[in-house]
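Colleague: Handing you a structure now.
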Amino acid sequence: MELLTIVFTSFPIIAILAVIALLLPYFMRALGFHPDYDGEKFDFNGKKALIVTTSHNTLNKPGETKGKKTGVASSELTVPYYEFLDNGVEVDLASIKGGEIPIDPQTMLYFIKSKLDKRFHKDGNALEKLKNSQCIDDVDFTNYDLILVAGGWGAAYDLGYSETLGSKISEAYHARSIIGGVCHGPLGFINAKDKEGKLLIAGRKMTAVTNKQVKELGISMTPQHPETELKKAGVIFDSKSKLIDLFANLTVVDDEERFVTGQNQNAGHETAQKMMSILASREIN
């Protein structure tokens, strides 16, 4: 009888927790997490896009090798992937080291993952690309009309330290590719240089994940923080803020319309859409 009493008196609490768990994804979206975006439709058959990601899979502290699993933030890959693909663009995946791209498991939690995360992980062709990504060393970036560098905590460990990625971004820029980055992704731009050897992004308007969001999420041990590194490189940094920056959102296009950057995981749709809009305007002109 005592056990039954405990069960029945606990039932209201269990029911309330179940309802909260059920409504949590909707609550997150209502606050601005992974917002819908009513984008344009383009006919880009024959165009090519490359999405570049981290290869780092451990959220380790300085001097340590162990830590929680991390990698690319799932939606920062999957959302641009389908924005491009659904508009006729052929999409390839590349990473710093090649091979299987690590996905941060935290970004696949039921109340965080996006609709396109679910679609991606049911897509055999997409999963094959994820498992066998090209190494950036072996990719000619100049073959792509659109290049987007995805973020996630893993990106803080390798994108900004890759001289190869910096050189490839430089080559793509001089080949007139349109270049994008989301969240930690713009770290991949900090080593890119112009033909005179100056930092390519100096003086350009850009955004990326804010120091405030990094601090709020308690992941300050990563070796590079995008806001800090972009400002060091001479970027005119812009961002939006909310009580919690996880729910903020901003996409920035530089004055030359060559770089499109999204502040965080909420900007994947708009970043990819604005990249395609610039490409479309070139086609008209």
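Just remember, in the structure tokens the first chain shown is A, the second B, etc., residues are 1-based per chain, and ligands are 1-based in the order shown.
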Would you please extract all alpha helix (DSSP H) residues from segment 60-243 of chain A, as assigned by DSSP on the backbone, and give them as an NGL selection string?
Modeller: :A and (74-85 or 115-120 or 124-131 or 155-158 or 163-174 or 211-216 or 226-232)
Colleague: Would you tabulate, counting only C-alpha atoms, all residues of segment 167-211 of chain A that have an atom at most 12 Å from an atom of segment 88-103 of chain A, showing the closest pair of atoms and their distance in Å to one decimal, sorted by chain then ascending number, as a Markdown table?
Modeller:
| residue | atom | partner | partner_atom | distance |
| --- | --- | --- | --- | --- |
| A:Lys168 | CA | A:Ile96 | CA | 11.4 |
| A:Gly185 | CA | A:Ser95 | CA | 11.8 |
| A:Gly188 | CA | A:Ile96 | CA | 10.2 |
Colleague: Just the selected residues (C-alpha atoms), exported as a PDB file, in the first residue's frame, please.
Modeller:
ATOM      1  CA  LYS A 168      41.799  27.747 -50.143  1.00  0.00           C
ATOM      2  CA  GLY A 185      32.586  28.875 -39.231  1.00  0.00           C
ATOM      3  CA  GLY A 188      38.029  29.565 -41.303  1.00  0.00           C
TER       4      GLY A 188
END
Colleague: Could you check how far atom CA of Ala208 of chain A sits from atom CA of Leu31 of chain A, in Å to one decimal?
Modeller: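 One can read the atom CA of Ala208 of chain A to atom CA of Leu31 of chain A distance as 19.6 Å.
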Colleague: Run DSSP on the backbone and give me the residues of segment 137-270 of chain A it puts in strand (DSSP E), as number ranges by chain.
Modeller: A: 146-149, 178-182, 205-206, 236-237, 251-253, 259-262
Colleague: Got a sec: who's within 10 Å of Leu217 of chain A, counting only C-alpha atoms, leaving out chain neighbours fewer than 6 positions off, as a ChimeraX atom specification?
Modeller: /A:211,244-246
